[in-house]
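One structure below.
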Amino acid sequence: MIKALIESLLKSLRLVEKKIDKTGKGSAIKAKDSKNKALELIESHQKNINQLVHQYSKKLKYSGLDDYDYKAYIKELFPEADSETCPHCKNIFDRVVKRARNCDQCNKKVVVRQGFVLTENQADQLQEQIELRFRYKSSISDLRDNIKVSDALFDGDYLRALFEIGNAYKALEQYDMGWSVLNRDVFEVKRLTNDDIGRIYEERLGFLRDEAYDKNKISKKDMIKIINTAFVFIVNLANNISDDQYWVNSHLINLILDCDTLRLNAKIPKRELIIMFDQFCTQNKVKNRNQLRKFVIEQIKGL
């Protein structure tokens with residue numbers, strides 16, 4: 001999925017943003033209408049996220065138990081489990097089982113969890129439920145009627161609200177939906193509010209980076225594609241500001257920092273990253289190419 005996203009992004013990014021920037025200039029849309037459209041968009045996403053959180057909660061086979069009461073988990077999941085009965089054939093062991101072994105009667109393997117004798121499959125089910133519950137409690141349950149989204153709306157920061165929506169989809173592993181928010185909806189809100197495009201670039205790169213880390217199976221080739229996507233963001237942002245503003249633009253600096261983080265994960269030497277950026281600048285239209293190149297190299301060498 002990430003390959004398709006990046007390839008699509010590299011082909012369409014400039015055209016989409018150019019179109020949006022043109023239509024955004026001198027827009028006659030009233031402030032009230034802009035606010036209402038942004039609110040409707042965000043509220044629609046939040047309702048969808050609430051449904052996804054509810055669906056996730058239905059995966060949990062127990063409720064109302066203490067987070068670390070694993071014995072209670074086991075008794076709720078496997079009511080017949082105890083410390084002396086084979087879960088396969090119901091043979092009663094001649095002594096309390098304290099570690100994995102094969103049953104004397106059926107010769108099938110049993111394991112011990114919190115003093116309970118389980119099959120290997122039951123132990124896997126238990127671990128899955130523990131992980132689901134931990135993830136639900138730590139990063140999923142709070143996404144319902146997300147307070148971070150509400151706070152952003154209270155502050156009138158619609159872009160930040162959409163960023164939180166994108167993060168919520170990411171936490172729910174709904175990457176396509178999260179990317180849709182950052183690839184389409186944020187530009188609609190930017191058009192309505194004339195907000196800073198640097199924030200969008202930074203958030204989009206962070207989303208791609210986090211998705212790659214979440215999946216934990218990304219190749220060096222895919223990581224290089226994400227780095228090239230970062231170059232697109234860096235150049236497009238730099239093309240919209242004067243070269244004397246590079247040092248004070250935090251979004252530009254953060255994009256370069258993220259490039260270096262991606263480089264480290266891809267095990268690419270700094271010198272190679274600089275060469276990659278040079279090649280990108282040569283192949284694409286870059287305003288103030290020499291100044292930008294100098295600035296980027298200074299940032300990378302200083303990391």
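In the structure tokens, chains take the letters A, B, ... in the order shown, each chain's residues start at 1, and ligands count up from 1 in the order shown.
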
Stretch 134-224 of chain A residues near stretch 235-254 of chain A within 9 Å, closest pair each, using only C-alpha atoms, as a tab-separated table:
```
residue	atom	partner	partner_atom	distance
A:Ile197	CA	A:Leu237	CA	7.5
A:Gly198	CA	A:His251	CA	5.4
A:Arg199	CA	A:His251	CA	6.4
A:Tyr201	CA	A:His251	CA	7.9
A:Glu202	CA	A:His251	CA	6.2
```

Quiz item: What's the 8 Å shell around stretch 152-164 of chain A, counting only C-alpha atoms, without same-chain residues fewer than 2 positions away, as a VMD selection string?
Solution: chain A and resid 38 to 39 42 148 to 150 166 to 168 181 to 182 185 to 186 189 to 190 195 203

Using only C-alpha atoms, I'd like a table of the residues in stretch 117-227 of chain A that come within 8 Å of stretch 43-46 of chain A; for each, show the closest atom pair and its distance in Å rounded to one decimal, ordered by chain and ascending number, as CSV.
```
residue,atom,partner,partner_atom,distance
A:Arg144,CA,A:Gln46,CA,7.7
A:Asp145,CA,A:Gln46,CA,6.8
A:Asn146,CA,A:Gln46,CA,7.7
A:Ile165,CA,A:His45,CA,7.0
```

Quiz prompt | Point-to-point distance from atom CA of A:Gly178 to atom CA of A:Ile234, Å rounded to tenths | solution =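 Those two atoms sit 21.6 Å apart.
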
Self-check item: Those of stretch 30-259 of chain A in DSSP alpha helix (DSSP H), formatted as a ChimeraX atom specification
Solution: /A:31-57,70-77,120-135,147-154,158-171,175-180,186-193,197-215,220-238,250-259

Exercise. Quick one: everything within 12 Å of A:Leu264, counting only C-alpha atoms, minus sequence neighbours fewer than 3 positions away in the same chain. Send it as a PyMOL selection string.
Key: chain A and resi 220+223-224+227+257-261+267-270+272-273+300+303

Those selected residues, please, written with C-alpha atoms and delivered as a tab-separated table (two decimals), in the first residue's frame.
```tsv
chain	number	residue	atom	x	y	z
A	220	LYS	CA	15.51	-0.10	2.11
A	223	MET	CA	12.54	3.80	2.74
A	224	ILE	CA	14.38	5.57	-0.07
A	227	ILE	CA	13.05	9.98	1.58
A	257	LEU	CA	15.59	16.21	10.47
A	258	ASP	CA	13.05	13.55	9.49
A	259	CYS	CA	15.09	12.85	6.35
A	260	ASP	CA	18.09	12.12	8.52
A	261	THR	CA	16.04	9.82	10.77
A	267	LYS	CA	21.43	2.62	6.94
A	268	ILE	CA	22.34	5.20	4.31
A	269	PRO	CA	25.54	7.26	4.82
A	270	LYS	CA	25.12	11.04	5.08
A	272	GLU	CA	24.81	9.30	-0.02
A	273	LEU	CA	21.80	11.25	1.29
A	300	ILE	CA	22.45	17.20	7.51
A	303	LEU	CA	23.08	16.25	12.77
```

Quiz item: How would you write, as a PyMOL selection string, the set of residues in stretch 33-149 of chain A that DSSP gives as strand (DSSP E)?
Solution: chain A and resi 101-102+109-113+116-118

Self-check item: Residues near A:Ala100, cut-off 12 Å, only C-alpha atoms, skip fewer than 3 positions along chain, as a PyMOL selection string
Solution: chain A and resi 83+86+96-97+103+108-113+115-120+123

Next, dump the selected residues to file, keeping only C-alpha atoms, as a compact mmCIF listing (two decimals), in the first residue's frame.
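Dumped to part.txt:
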```
# COMPACT_ATOMS: atom_id res chain seq x y z
CA SER A 83 -3.44 -26.47 37.59
CA CYS A 86 -4.84 -31.82 30.86
CA VAL A 96 0.76 -29.83 40.01
CA VAL A 97 2.17 -28.90 36.61
CA CYS A 103 0.60 -35.26 28.93
CA LYS A 108 0.10 -33.73 23.70
CA LYS A 109 2.02 -30.69 24.83
CA VAL A 110 0.66 -28.42 27.56
CA VAL A 111 2.01 -25.10 28.82
CA VAL A 112 1.53 -23.24 32.08
CA ARG A 113 0.35 -19.66 32.40
CA GLY A 115 -0.47 -21.61 37.32
CA PHE A 116 -3.10 -22.79 34.81
CA VAL A 117 -2.46 -25.66 32.43
CA LEU A 118 -3.32 -24.66 28.85
CA THR A 119 -2.88 -25.86 25.32
CA GLU A 120 -0.43 -23.92 23.16
CA ALA A 123 -1.83 -19.66 25.45
```

Practice problem: Name the closest residue to A:Asn183 among the candidates A:Phe295, A:Asp210, A:Asp69, A:Leu205; distances are taken between atoms, counting only C-alpha atoms. | Solution: A:Leu205

Quiz item: So which residues touch A:Ser141 within 10 Å, counting only C-alpha atoms, skipping near sequence neighbours fewer than 5 positions away, as a PyMOL selection string?
Solution: chain A and resi 50+53-54+56-57+133+135-136+146

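When only C-alpha atoms are used to compute distances to A:Cys281, the closest of the residues A:Arg293, A:Arg209, A:Tyr169, A:Ala81 turns out to be A:Arg293.
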